[in-house]
$ cat input05.csv   # CSV, C-alpha atoms and all ligand atoms
chain,number,residue,atom,x,y,z
A,38,MET,CA,-133.3,-46.9,16.4
A,39,ASP,CA,-129.5,-46.8,15.9
A,40,ARG,CA,-129.3,-46.3,12.1
A,41,GLN,CA,-125.8,-47.9,12.1
A,42,ALA,CA,-126.6,-51.0,14.1
A,43,THR,CA,-127.8,-53.2,11.2
A,44,PRO,CA,-124.9,-54.2,9.0
A,45,LEU,CA,-126.7,-53.8,5.7
A,46,VAL,CA,-127.9,-50.2,6.3
A,47,GLY,CA,-125.9,-47.0,5.7
A,48,PHE,CA,-127.0,-43.5,6.6
A,49,GLY,CA,-125.7,-40.2,5.1
A,50,ALA,CA,-126.8,-37.0,6.7
A,51,GLY,CA,-127.8,-33.9,4.8
A,52,LYS,CA,-125.9,-30.7,5.7
A,53,VAL,CA,-126.2,-27.0,6.2
A,54,ILE,CA,-123.5,-24.5,5.8
A,55,LEU,CA,-123.8,-22.0,8.7
A,56,LEU,CA,-121.0,-19.8,7.3
A,57,GLY,CA,-118.6,-19.8,4.4
A,58,GLU,CA,-120.2,-21.3,1.3
A,59,HIS,CA,-118.5,-20.3,-2.0
A,60,SER,CA,-115.5,-18.8,-0.3
A,61,VAL,CA,-114.7,-22.4,0.8
A,62,VAL,CA,-114.1,-23.2,-2.9
A,63,TYR,CA,-111.3,-20.6,-2.8
A,64,GLY,CA,-109.6,-22.1,0.2
A,65,HIS,CA,-111.2,-20.2,3.1
A,66,PRO,CA,-112.8,-21.9,6.1
A,67,ALA,CA,-116.5,-22.9,6.2
A,68,LEU,CA,-118.6,-23.8,9.3
A,69,ALA,CA,-121.0,-26.7,8.4
A,70,GLY,CA,-123.1,-29.2,10.3
A,71,PRO,CA,-125.2,-32.3,9.7
A,72,LEU,CA,-129.0,-32.3,9.5
A,73,SER,CA,-130.9,-35.0,11.4
A,74,TYR,CA,-132.4,-35.8,8.0
A,75,GLY,CA,-130.6,-37.6,5.2
A,76,VAL,CA,-130.5,-40.6,2.9
A,77,THR,CA,-130.6,-44.3,4.0
A,78,ALA,CA,-129.2,-47.1,1.8
A,79,ARG,CA,-130.5,-50.6,2.6
A,80,ALA,CA,-129.3,-53.8,1.0
A,81,VAL,CA,-130.0,-57.4,0.6
A,82,LYS,CA,-127.5,-60.0,-0.3
A,83,SER,CA,-127.2,-60.6,-4.1
A,84,LYS,CA,-124.8,-62.2,-6.6
A,85,ARG,CA,-123.9,-58.9,-8.2
A,86,CYS,CA,-123.2,-55.5,-6.6
A,87,GLN,CA,-126.0,-53.4,-7.9
A,88,LEU,CA,-128.2,-50.3,-7.2
A,89,THR,CA,-132.0,-50.5,-7.6
A,90,LEU,CA,-133.6,-47.3,-8.7
A,91,PRO,CA,-137.2,-46.1,-8.9
A,92,SER,CA,-138.7,-46.4,-12.4
A,93,THR,CA,-139.8,-42.7,-12.2
A,94,LEU,CA,-136.2,-41.6,-12.8
A,95,SER,CA,-135.2,-40.5,-16.3
A,96,ARG,CA,-132.6,-42.4,-18.3
A,97,PRO,CA,-129.8,-39.8,-17.8
A,98,GLN,CA,-130.6,-39.7,-14.0
A,99,ARG,CA,-130.3,-43.5,-13.8
A,100,ALA,CA,-127.1,-43.6,-15.8
A,101,LEU,CA,-125.6,-40.9,-13.5
A,102,LEU,CA,-126.6,-42.6,-10.3
A,103,THR,CA,-125.5,-46.1,-11.5
A,104,GLY,CA,-122.2,-44.8,-12.7
A,105,ALA,CA,-121.5,-43.0,-9.4
A,106,PHE,CA,-122.5,-46.1,-7.4
A,107,GLN,CA,-120.3,-48.5,-9.5
A,108,ARG,CA,-117.4,-46.2,-9.0
A,109,ALA,CA,-117.7,-46.5,-5.2
A,110,ALA,CA,-118.5,-50.2,-5.4
A,111,ARG,CA,-115.3,-50.9,-7.3
A,112,LEU,CA,-113.3,-49.1,-4.6
A,113,CYS,CA,-115.0,-51.3,-1.9
A,114,GLY,CA,-114.3,-54.6,-3.8
A,115,SER,CA,-117.9,-54.8,-5.2
A,116,PRO,CA,-119.5,-56.8,-2.4
A,117,GLY,CA,-122.5,-58.9,-3.4
A,118,VAL,CA,-125.4,-56.6,-2.4
A,119,ARG,CA,-128.5,-55.1,-4.0
A,120,VAL,CA,-128.9,-51.6,-2.7
A,121,GLY,CA,-132.1,-49.5,-2.5
A,122,LEU,CA,-132.3,-45.8,-1.4
A,123,GLU,CA,-134.7,-43.8,0.7
A,124,SER,CA,-134.4,-40.0,1.0
A,125,GLU,CA,-135.8,-37.6,3.6
A,126,LEU,CA,-134.1,-34.7,1.9
A,127,PRO,CA,-135.5,-32.3,-0.7
A,128,LEU,CA,-133.3,-32.5,-3.8
A,129,SER,CA,-131.4,-29.5,-5.3
A,130,MET,CA,-132.1,-27.2,-2.3
A,131,GLY,CA,-128.5,-26.7,-1.1
A,132,LEU,CA,-128.9,-29.3,1.7
A,133,GLY,CA,-126.3,-31.8,0.4
A,134,SER,CA,-128.6,-34.5,-0.9
A,135,SER,CA,-126.1,-35.9,-3.4
A,136,ALA,CA,-123.4,-36.0,-0.7
A,137,ALA,CA,-125.8,-37.7,1.7
A,138,LEU,CA,-126.5,-40.3,-1.0
A,139,SER,CA,-122.8,-40.8,-1.6
A,140,VAL,CA,-122.1,-41.2,2.1
A,141,ALA,CA,-125.1,-43.6,2.6
A,142,CYS,CA,-124.0,-45.9,-0.2
A,143,THR,CA,-120.3,-45.8,0.8
A,144,ARG,CA,-121.1,-46.7,4.5
A,145,LEU,CA,-123.2,-49.6,3.4
A,146,LEU,CA,-120.6,-50.8,0.8
A,147,LEU,CA,-117.7,-50.6,3.2
A,148,LYS,CA,-119.7,-52.5,5.9
A,149,ALA,CA,-120.9,-55.1,3.4
A,150,ALA,CA,-117.3,-55.6,2.3
A,151,GLY,CA,-116.2,-56.0,6.0
A,152,ARG,CA,-114.0,-52.9,5.6
A,153,ARG,CA,-113.4,-50.1,8.1
A,154,ASP,CA,-116.0,-47.3,7.9
A,155,SER,CA,-114.1,-44.5,9.7
A,156,ALA,CA,-115.3,-41.0,8.8
A,157,ARG,CA,-112.0,-40.5,6.8
A,158,GLU,CA,-112.5,-43.7,4.7
A,159,VAL,CA,-116.1,-42.9,4.1
A,160,ALA,CA,-115.2,-39.4,3.0
A,161,ARG,CA,-112.4,-40.8,0.7
A,162,VAL,CA,-114.8,-43.2,-1.2
A,163,ALA,CA,-117.9,-40.9,-1.1
A,164,LEU,CA,-115.8,-38.2,-2.8
A,165,GLU,CA,-115.5,-40.4,-5.9
A,166,MET,CA,-119.3,-40.5,-6.1
A,167,GLU,CA,-119.5,-36.7,-5.5
A,168,LYS,CA,-117.1,-36.1,-8.4
A,169,GLU,CA,-119.6,-37.8,-10.7
A,170,PHE,CA,-122.4,-35.5,-9.6
A,171,HIS,CA,-120.5,-32.2,-9.2
A,172,GLY,CA,-117.1,-32.3,-11.0
A,173,THR,CA,-114.7,-30.6,-8.6
A,174,PRO,CA,-116.6,-29.6,-5.4
A,175,SER,CA,-114.8,-28.1,-2.4
A,176,GLY,CA,-115.5,-31.2,-0.5
A,177,VAL,CA,-117.4,-29.5,2.4
A,178,ASP,CA,-120.7,-31.3,1.7
A,179,HIS,CA,-119.5,-35.0,1.7
A,180,THR,CA,-117.0,-34.3,4.5
A,181,THR,CA,-119.7,-32.9,6.8
A,182,SER,CA,-122.0,-35.8,6.1
A,183,ALA,CA,-119.1,-38.3,6.7
A,184,GLU,CA,-118.0,-36.6,9.9
A,185,GLU,CA,-121.6,-36.3,11.2
A,186,ARG,CA,-120.7,-33.4,13.5
A,187,LEU,CA,-120.2,-29.6,13.3
A,188,ILE,CA,-116.9,-28.9,11.6
A,189,LEU,CA,-114.7,-26.0,10.4
A,190,TYR,CA,-113.6,-27.2,7.0
A,191,LYS,CA,-110.7,-25.9,4.9
A,192,ARG,CA,-110.1,-27.2,1.4
A,193,THR,CA,-106.7,-28.3,0.4
A,194,PRO,CA,-105.7,-26.2,-2.7
A,195,GLY,CA,-106.7,-27.9,-5.9
A,196,GLU,CA,-108.3,-30.9,-4.2
A,197,SER,CA,-111.9,-31.8,-3.4
A,198,SER,CA,-110.9,-32.7,0.1
A,199,GLY,CA,-109.4,-30.9,3.0
A,200,LYS,CA,-109.1,-30.6,6.8
A,201,ALA,CA,-112.1,-30.9,9.1
A,202,LYS,CA,-111.8,-29.6,12.7
A,203,ALA,CA,-114.6,-30.6,15.1
A,204,VAL,CA,-116.3,-27.5,16.6
A,205,LYS,CA,-117.9,-28.3,20.0
A,206,SER,CA,-121.0,-26.4,21.1
A,207,PRO,CA,-121.7,-26.2,24.8
A,208,ARG,CA,-125.3,-25.1,23.9
A,209,PRO,CA,-127.9,-26.7,21.6
A,210,LEU,CA,-127.4,-25.3,18.1
A,211,LYS,CA,-130.8,-25.2,16.4
A,212,VAL,CA,-131.7,-24.0,13.0
A,213,LEU,CA,-134.9,-23.5,11.1
A,214,VAL,CA,-134.5,-24.5,7.4
A,215,ALA,CA,-137.0,-22.9,5.0
A,216,LEU,CA,-137.2,-24.1,1.4
A,217,VAL,CA,-137.6,-21.2,-0.9
A,218,GLY,CA,-137.9,-22.9,-4.3
A,219,GLU,CA,-136.2,-24.3,-7.4
A,220,ARG,CA,-132.7,-23.1,-8.0
A,221,SER,CA,-130.1,-23.4,-10.8
A,222,PRO,CA,-127.6,-26.2,-10.3
A,223,THR,CA,-124.7,-25.6,-8.0
A,224,LYS,CA,-122.2,-26.1,-10.8
A,225,LYS,CA,-123.7,-23.2,-12.8
A,226,THR,CA,-123.8,-20.8,-9.8
A,227,VAL,CA,-120.2,-21.7,-8.9
A,228,ALA,CA,-119.1,-21.3,-12.5
A,229,ALA,CA,-120.8,-17.9,-12.9
A,230,LEU,CA,-119.1,-16.6,-9.7
A,231,ARG,CA,-115.7,-17.9,-11.0
A,232,GLU,CA,-116.1,-15.8,-14.1
A,233,ARG,CA,-116.8,-12.6,-12.0
A,234,GLN,CA,-113.9,-13.5,-9.7
A,235,ALA,CA,-111.5,-14.0,-12.7
A,236,ARG,CA,-112.6,-10.6,-14.1
A,237,TRP,CA,-112.2,-8.7,-10.8
A,238,PRO,CA,-109.9,-10.8,-8.7
A,239,ALA,CA,-108.9,-8.2,-6.1
A,240,ARG,CA,-112.5,-7.2,-5.3
A,241,TYR,CA,-113.8,-10.7,-5.1
A,242,GLY,CA,-110.7,-11.9,-3.2
A,243,ARG,CA,-111.4,-9.4,-0.5
A,244,LEU,CA,-115.0,-10.6,-0.1
A,245,PHE,CA,-113.9,-14.2,0.1
A,246,GLN,CA,-111.3,-13.3,2.7
A,247,GLN,CA,-114.0,-11.4,4.7
A,248,ILE,CA,-116.3,-14.5,4.6
A,249,GLY,CA,-113.5,-16.8,5.7
A,250,THR,CA,-112.8,-14.5,8.7
A,251,VAL,CA,-116.5,-14.4,9.6
A,252,ALA,CA,-116.6,-18.2,9.5
A,253,SER,CA,-113.6,-18.5,11.8
A,254,GLU,CA,-115.2,-16.0,14.2
A,255,GLY,CA,-118.5,-17.9,14.0
A,256,ALA,CA,-116.7,-21.1,15.0
A,257,LYS,CA,-115.2,-19.4,18.0
A,258,ALA,CA,-118.6,-18.0,19.0
A,259,VAL,CA,-120.1,-21.5,18.9
A,260,GLU,CA,-117.3,-22.9,21.2
A,261,ALA,CA,-117.8,-20.0,23.6
A,262,GLY,CA,-121.6,-20.6,23.6
A,263,GLU,CA,-122.2,-17.1,22.2
A,264,LEU,CA,-125.1,-17.7,20.0
A,265,GLU,CA,-125.9,-14.0,19.5
A,266,ALA,CA,-122.4,-13.5,18.1
A,267,LEU,CA,-122.9,-16.5,15.8
A,268,GLY,CA,-126.2,-15.1,14.6
A,269,ASP,CA,-124.6,-11.7,13.9
A,270,ALA,CA,-121.8,-13.5,11.9
A,271,MET,CA,-124.6,-15.2,9.8
A,272,ASN,CA,-126.2,-11.9,9.1
A,273,VAL,CA,-122.9,-10.3,8.0
A,274,ASN,CA,-122.2,-13.4,5.9
A,275,GLN,CA,-125.6,-13.0,4.2
A,276,GLY,CA,-124.6,-9.4,3.3
A,277,LEU,CA,-121.3,-10.6,1.8
A,278,LEU,CA,-123.1,-13.3,-0.2
A,279,ALA,CA,-125.4,-10.7,-1.6
A,280,ALA,CA,-122.4,-8.6,-2.5
A,281,LEU,CA,-121.0,-11.6,-4.4
A,282,GLY,CA,-124.3,-11.7,-6.4
A,283,LEU,CA,-125.5,-14.9,-4.8
A,284,SER,CA,-128.8,-13.8,-3.3
A,285,SER,CA,-132.1,-12.9,-4.9
A,286,PRO,CA,-135.5,-11.4,-3.9
A,287,PRO,CA,-137.1,-14.8,-2.7
A,288,LEU,CA,-134.0,-15.6,-0.6
A,289,GLU,CA,-133.8,-12.0,0.8
A,290,ASP,CA,-137.6,-12.1,1.6
A,291,MET,CA,-137.2,-15.3,3.6
A,292,VAL,CA,-134.1,-14.0,5.4
A,293,TYR,CA,-136.1,-11.0,6.6
A,294,ARG,CA,-139.1,-13.2,7.5
A,295,LEU,CA,-136.9,-15.4,9.7
A,296,ARG,CA,-135.3,-12.4,11.4
A,297,GLY,CA,-138.8,-11.0,12.0
A,298,LEU,CA,-139.8,-14.3,13.7
A,299,GLY,CA,-136.9,-13.9,16.1
A,300,ALA,CA,-134.0,-15.6,14.4
A,301,LEU,CA,-130.6,-14.6,16.0
A,302,GLY,CA,-129.3,-14.6,12.5
A,303,ALA,CA,-130.5,-15.7,9.0
A,304,LYS,CA,-128.9,-16.4,5.7
A,305,LEU,CA,-129.1,-18.5,2.5
A,306,THR,CA,-127.3,-21.8,2.8
A,307,GLY,CA,-125.6,-23.8,0.0
A,308,ALA,CA,-125.1,-22.4,-3.5
A,309,GLY,CA,-127.9,-19.8,-3.3
A,310,GLY,CA,-128.7,-17.9,-6.5
A,311,ASP,CA,-132.3,-17.8,-7.6
A,312,GLY,CA,-133.7,-20.2,-4.9
A,313,GLY,CA,-132.8,-23.0,-2.6
A,314,ALA,CA,-132.9,-22.9,1.2
A,315,VAL,CA,-132.6,-20.2,4.0
A,316,ILE,CA,-131.5,-21.0,7.5
A,317,GLY,CA,-132.4,-19.1,10.7
A,318,LEU,CA,-130.6,-19.6,14.0
A,319,PHE,CA,-133.2,-19.9,16.9
A,320,LEU,CA,-132.9,-20.7,20.6
A,321,GLU,CA,-136.2,-22.5,20.0
A,322,PRO,CA,-137.3,-22.8,16.4
A,323,GLU,CA,-140.6,-24.7,16.9
A,324,PRO,CA,-143.0,-21.7,17.2
A,325,ALA,CA,-141.5,-20.2,14.0
A,326,VAL,CA,-141.8,-23.5,12.2
A,327,ALA,CA,-145.5,-23.8,13.2
A,328,LYS,CA,-146.2,-20.3,12.0
A,329,LEU,CA,-144.5,-20.7,8.7
A,330,LEU,CA,-146.1,-24.1,8.0
A,331,GLN,CA,-149.5,-22.5,8.6
A,332,LEU,CA,-148.6,-19.9,6.0
A,333,GLY,CA,-147.7,-22.7,3.5
A,334,VAL,CA,-143.9,-22.4,3.8
A,335,ARG,CA,-142.0,-25.7,3.5
A,336,CYS,CA,-139.7,-25.7,6.5
A,337,PHE,CA,-138.4,-27.9,9.3
A,338,SER,CA,-136.0,-27.6,12.3
A,339,SER,CA,-132.8,-29.5,13.1
A,340,GLN,CA,-130.3,-29.5,15.8
A,341,LEU,CA,-126.8,-29.3,14.4
A,342,ALA,CA,-124.7,-29.6,17.6
A,343,GLY,CA,-124.7,-29.3,21.4
A,344,PRO,CA,-126.4,-31.2,24.2
A,345,ARG,CA,-129.7,-32.8,23.3
A,346,ALA,CA,-132.8,-33.0,25.5
A,347,LEU,CA,-133.5,-36.5,26.7
B,1,LIG,C1,-122.4,-26.2,-2.0
B,1,LIG,O1,-123.1,-26.9,-0.9
B,1,LIG,C2,-121.4,-25.3,-1.4
B,1,LIG,C3,-120.6,-24.5,-2.4
B,1,LIG,O2,-119.6,-23.8,-1.6
B,1,LIG,C4,-119.9,-25.3,-3.4
B,1,LIG,C5,-118.8,-26.2,-2.9
B,1,LIG,O3,-118.3,-26.0,-1.8
B,1,LIG,O4,-118.3,-27.0,-3.7
B,1,LIG,C6,-121.4,-23.5,-3.1
$ encode --input "input05.csv" --output "structure tokens" --more "lines below"
Ligand code: MEV
Amino acid sequence: MDRQATPLVGFGAGKVILLGEHSVVYGHPALAGPLSYGVTARAVKSKRCQLTLPSTLSRPQRALLTGAFQRAARLCGSPGVRVGLESELPLSMGLGSSAALSVACTRLLLKAAGRRDSAREVARVALEMEKEFHGTPSGVDHTTSAEERLILYKRTPGESSGKAKAVKSPRPLKVLVALVGERSPTKKTVAALRERQARWPARYGRLFQQIGTVASEGAKAVEAGELEALGDAMNVNQGLLAALGLSSPPLEDMVYRLRGLGALGAKLTGAGGDGGAVIGLFLEPEPAVAKLLQLGVRCFSSQLAGPRAL
């Protein structure tokens, strides 16, 4: 079904960062693509513009979500709809669940208000929700979700937005996403890295620069259909993330498991730290997915770009 066909439905894709998390905060490019999974917002007409939330959520969670929703609603002229959410994404795993939620709500609100829902406008409004969740993110998460295609993203200095360049892949670009476990909030991991960077700016600056170069090289490899070169860039990026203090034994263990299962490259994705998700680039991820599921690893595959089988 075309998720965008019904006027009172909005979809926001989750995302994976193939190359360049963290250094993107410091103005270097990152290569990121949308997952086939995400958050769907559905609405019925109503007198007031409101968000319905499950009663299982805590009071602070409800307050946060309602506040973020109302911020976007005001920007869209508060159309008369009651909105409910369904998520296919695991939360707090580095897969952009809050950005997906922001994009899903924004798409729906813009449509309900009869406004243009171009990727640019969706990103502009969704950012206001993201700010409630994350303070000052680089903007890569919600931009990837709003663009719904593989992009090379570069943050505008001091802003939570930036420039997104579409990266075309002549070959199917498929990843296996393995969930490694609970992790500290992104805000905390980003703040701890900022402290190290402020203490030793030259050393950390060199590592960020290196990651940015690897991300640009990876984007070129994608466009040239050189998936082995992309995989190598991912492996090098993982080494640089470890040098920045962003990896941990459970993440490293999964990286080596995916490489052992034939991944062309594997690395953590998102904020990293003590847990989260690991991605592996595979020509055909299904056999590895089946094997890991059998062993009790939570994982799935997704195609990020390139031609799709009919
Ligand atoms: C989080 O998905 C990506 C980070 O680079 C933070 C950000 O870009 O705001 C860790």
$ closest_residue --input "input05.csv" --among "A:Arg99, A:Arg236, A:His171, A:Lys205" --to "ligand LIG 1 (chain B)" --atoms "all atoms listed in the file"
A:His171
$ closest_residue --input "input05.csv" --among "A:Thr77, A:Ser221, A:Ser175, A:Gln234" --to "Glu58 in chain A" --atoms "all atoms listed in the file"
A:Ser175
$ closest_residue --input "input05.csv" --among "A:Pro287, A:Gly49, A:Gly310, A:Gly317" --to "Gln340 in chain A" --atoms "all atoms listed in the file"
A:Gly317
$ residues_near_ligand --input "input05.csv" --ligand "ligand LIG 1 (chain B)" --cutoff "10 Å" --atoms "all atoms listed in the file" --output "number ranges by chain"
A: 52-54, 56-64, 67, 69, 129-136, 167, 171-179, 192, 197, 222-228, 230, 283, 306-310
$ atom_distance --input "input05.csv" --atom1 "CA of Leu55 in chain A" --atom2 "CA of Gly255 in chain A"
8.5 Å
$ residues_around --input "input05.csv" --residues "Val251 in chain A" --least-positions-apart "3" --cutoff "12 Å" --atoms "only C-alpha atoms" --output "PDB file with C-alpha atoms, in the frame of the given file"
ATOM      1  CA  LEU A  55    -123.800 -22.000   8.700  1.00  0.00           C
ATOM      2  CA  LEU A  56    -121.000 -19.800   7.300  1.00  0.00           C
ATOM      3  CA  GLY A  57    -118.600 -19.800   4.400  1.00  0.00           C
ATOM      4  CA  GLU A  58    -120.200 -21.300   1.300  1.00  0.00           C
ATOM      5  CA  SER A  60    -115.500 -18.800  -0.300  1.00  0.00           C
ATOM      6  CA  HIS A  65    -111.200 -20.200   3.100  1.00  0.00           C
ATOM      7  CA  PRO A  66    -112.800 -21.900   6.100  1.00  0.00           C
ATOM      8  CA  ALA A  67    -116.500 -22.900   6.200  1.00  0.00           C
ATOM      9  CA  LEU A  68    -118.600 -23.800   9.300  1.00  0.00           C
ATOM     10  CA  LEU A 189    -114.700 -26.000  10.400  1.00  0.00           C
ATOM     11  CA  LEU A 244    -115.000 -10.600  -0.100  1.00  0.00           C
ATOM     12  CA  PHE A 245    -113.900 -14.200   0.100  1.00  0.00           C
ATOM     13  CA  GLN A 246    -111.300 -13.300   2.700  1.00  0.00           C
ATOM     14  CA  GLN A 247    -114.000 -11.400   4.700  1.00  0.00           C
ATOM     15  CA  ILE A 248    -116.300 -14.500   4.600  1.00  0.00           C
ATOM     16  CA  GLU A 254    -115.200 -16.000  14.200  1.00  0.00           C
ATOM     17  CA  GLY A 255    -118.500 -17.900  14.000  1.00  0.00           C
ATOM     18  CA  ALA A 256    -116.700 -21.100  15.000  1.00  0.00           C
ATOM     19  CA  LYS A 257    -115.200 -19.400  18.000  1.00  0.00           C
ATOM     20  CA  ALA A 258    -118.600 -18.000  19.000  1.00  0.00           C
ATOM     21  CA  ALA A 266    -122.400 -13.500  18.100  1.00  0.00           C
ATOM     22  CA  LEU A 267    -122.900 -16.500  15.800  1.00  0.00           C
ATOM     23  CA  GLY A 268    -126.200 -15.100  14.600  1.00  0.00           C
ATOM     24  CA  ASP A 269    -124.600 -11.700  13.900  1.00  0.00           C
ATOM     25  CA  ALA A 270    -121.800 -13.500  11.900  1.00  0.00           C
ATOM     26  CA  MET A 271    -124.600 -15.200   9.800  1.00  0.00           C
ATOM     27  CA  ASN A 272    -126.200 -11.900   9.100  1.00  0.00           C
ATOM     28  CA  VAL A 273    -122.900 -10.300   8.000  1.00  0.00           C
ATOM     29  CA  ASN A 274    -122.200 -13.400   5.900  1.00  0.00           C
ATOM     30  CA  GLN A 275    -125.600 -13.000   4.200  1.00  0.00           C
ATOM     31  CA  GLY A 276    -124.600  -9.400   3.300  1.00  0.00           C
ATOM     32  CA  LEU A 277    -121.300 -10.600   1.800  1.00  0.00           C
ATOM     33  CA  LEU A 278    -123.100 -13.300  -0.200  1.00  0.00           C
TER      34      LEU A 278
END
$ residues_near_point --input "input05.csv" --point "(-126.8, -54.1, -4.0)" --cutoff "10 Å" --atoms "only C-alpha atoms" --output "JSON, numbers by chain"
{"A": [45, 78, 79, 80, 81, 82, 83, 84, 85, 86, 87, 88, 89, 106, 110, 115, 116, 117, 118, 119, 120, 121, 142, 145, 146, 149]}
$ write_last_selection --input "input05.csv" --atoms "C-alpha atoms" --output "mmCIF file, keeping the file's coordinate frame"
data_model
loop_
_atom_site.group_PDB
_atom_site.id
_atom_site.type_symbol
_atom_site.label_atom_id
_atom_site.label_comp_id
_atom_site.auth_asym_id
_atom_site.auth_seq_id
_atom_site.Cartn_x
_atom_site.Cartn_y
_atom_site.Cartn_z
ATOM 1 C CA LEU A 45 -126.700 -53.800 5.700
ATOM 2 C CA ALA A 78 -129.200 -47.100 1.800
ATOM 3 C CA ARG A 79 -130.500 -50.600 2.600
ATOM 4 C CA ALA A 80 -129.300 -53.800 1.000
ATOM 5 C CA VAL A 81 -130.000 -57.400 0.600
ATOM 6 C CA LYS A 82 -127.500 -60.000 -0.300
ATOM 7 C CA SER A 83 -127.200 -60.600 -4.100
ATOM 8 C CA LYS A 84 -124.800 -62.200 -6.600
ATOM 9 C CA ARG A 85 -123.900 -58.900 -8.200
ATOM 10 C CA CYS A 86 -123.200 -55.500 -6.600
ATOM 11 C CA GLN A 87 -126.000 -53.400 -7.900
ATOM 12 C CA LEU A 88 -128.200 -50.300 -7.200
ATOM 13 C CA THR A 89 -132.000 -50.500 -7.600
ATOM 14 C CA PHE A 106 -122.500 -46.100 -7.400
ATOM 15 C CA ALA A 110 -118.500 -50.200 -5.400
ATOM 16 C CA SER A 115 -117.900 -54.800 -5.200
ATOM 17 C CA PRO A 116 -119.500 -56.800 -2.400
ATOM 18 C CA GLY A 117 -122.500 -58.900 -3.400
ATOM 19 C CA VAL A 118 -125.400 -56.600 -2.400
ATOM 20 C CA ARG A 119 -128.500 -55.100 -4.000
ATOM 21 C CA VAL A 120 -128.900 -51.600 -2.700
ATOM 22 C CA GLY A 121 -132.100 -49.500 -2.500
ATOM 23 C CA CYS A 142 -124.000 -45.900 -0.200
ATOM 24 C CA LEU A 145 -123.200 -49.600 3.400
ATOM 25 C CA LEU A 146 -120.600 -50.800 0.800
ATOM 26 C CA ALA A 149 -120.900 -55.100 3.400
#
$ residues_around --input "input05.csv" --residues "Gly262 in chain A" --least-positions-apart "2" --cutoff "8 Å" --atoms "only C-alpha atoms" --output "count of residues only"
7
$ residues_around --input "input05.csv" --residues "Val334 in chain A" --least-positions-apart "6" --cutoff "8 Å" --atoms "only C-alpha atoms" --output "PDB file with C-alpha atoms, keeping the file's coordinate frame"
ATOM      1  CA  ALA A 215    -137.000 -22.900   5.000  1.00  0.00           C
ATOM      2  CA  LEU A 216    -137.200 -24.100   1.400  1.00  0.00           C
ATOM      3  CA  VAL A 217    -137.600 -21.200  -0.900  1.00  0.00           C
TER       4      VAL A 217
END
$ closest_residue --input "input05.csv" --among "A:Thr143, A:Ser92, A:Ser73, A:Thr103" --to "Ser339 in chain A" --atoms "all atoms listed in the file"
A:Ser73
$ atom_distance --input "input05.csv" --atom1 "CA of Arg240 in chain A" --atom2 "CA of Lys191 in chain A"
21.4 Å
$ closest_residue --input "input05.csv" --among "A:Pro91, A:Gly297, A:Pro209, A:Gly333" --to "Leu320 in chain A" --atoms "all atoms listed in the file"
A:Pro209
$ build_atoms --input "input05.csv" --residues "range 95-104 of chain A" --atoms "N, CA, C and O atoms" --output "mmCIF file, keeping the file's coordinate frame"
data_model
loop_
_atom_site.group_PDB
_atom_site.id
_atom_site.type_symbol
_atom_site.label_atom_id
_atom_site.label_comp_id
_atom_site.auth_asym_id
_atom_site.auth_seq_id
_atom_site.Cartn_x
_atom_site.Cartn_y
_atom_site.Cartn_z
ATOM 1 N N SER A 95 -135.476 -40.520 -14.814
ATOM 2 C CA SER A 95 -135.200 -40.500 -16.300
ATOM 3 C C SER A 95 -133.964 -41.333 -16.567
ATOM 4 O O SER A 95 -133.195 -41.670 -15.663
ATOM 5 N N ARG A 96 -133.774 -41.640 -17.860
ATOM 6 C CA ARG A 96 -132.600 -42.400 -18.300
ATOM 7 C C ARG A 96 -131.287 -41.779 -17.879
ATOM 8 O O ARG A 96 -130.423 -42.437 -17.302
ATOM 9 N N PRO A 97 -131.111 -40.459 -18.153
ATOM 10 C CA PRO A 97 -129.800 -39.800 -17.800
ATOM 11 C C PRO A 97 -129.620 -39.855 -16.234
ATOM 12 O O PRO A 97 -128.494 -40.059 -15.767
ATOM 13 N N GLN A 98 -130.715 -39.679 -15.476
ATOM 14 C CA GLN A 98 -130.600 -39.700 -14.000
ATOM 15 C C GLN A 98 -130.122 -41.111 -13.547
ATOM 16 O O GLN A 98 -129.247 -41.254 -12.702
ATOM 17 N N ARG A 99 -130.716 -42.134 -14.165
ATOM 18 C CA ARG A 99 -130.300 -43.500 -13.800
ATOM 19 C C ARG A 99 -128.890 -43.785 -14.145
ATOM 20 O O ARG A 99 -128.149 -44.380 -13.359
ATOM 21 N N ALA A 100 -128.486 -43.310 -15.319
ATOM 22 C CA ALA A 100 -127.100 -43.600 -15.800
ATOM 23 C C ALA A 100 -126.120 -42.880 -14.811
ATOM 24 O O ALA A 100 -125.092 -43.463 -14.425
ATOM 25 N N LEU A 101 -126.462 -41.649 -14.409
ATOM 26 C CA LEU A 101 -125.600 -40.900 -13.500
ATOM 27 C C LEU A 101 -125.421 -41.600 -12.157
ATOM 28 O O LEU A 101 -124.305 -41.815 -11.656
ATOM 29 N N LEU A 102 -126.581 -41.988 -11.581
ATOM 30 C CA LEU A 102 -126.600 -42.600 -10.300
ATOM 31 C C LEU A 102 -125.849 -43.986 -10.318
ATOM 32 O O LEU A 102 -125.041 -44.316 -9.445
ATOM 33 N N THR A 103 -126.143 -44.759 -11.368
ATOM 34 C CA THR A 103 -125.500 -46.100 -11.500
ATOM 35 C C THR A 103 -124.015 -45.953 -11.665
ATOM 36 O O THR A 103 -123.233 -46.675 -11.035
ATOM 37 N N GLY A 104 -123.606 -45.001 -12.496
ATOM 38 C CA GLY A 104 -122.200 -44.800 -12.700
ATOM 39 C C GLY A 104 -121.451 -44.413 -11.443
ATOM 40 O O GLY A 104 -120.372 -44.951 -11.126
#
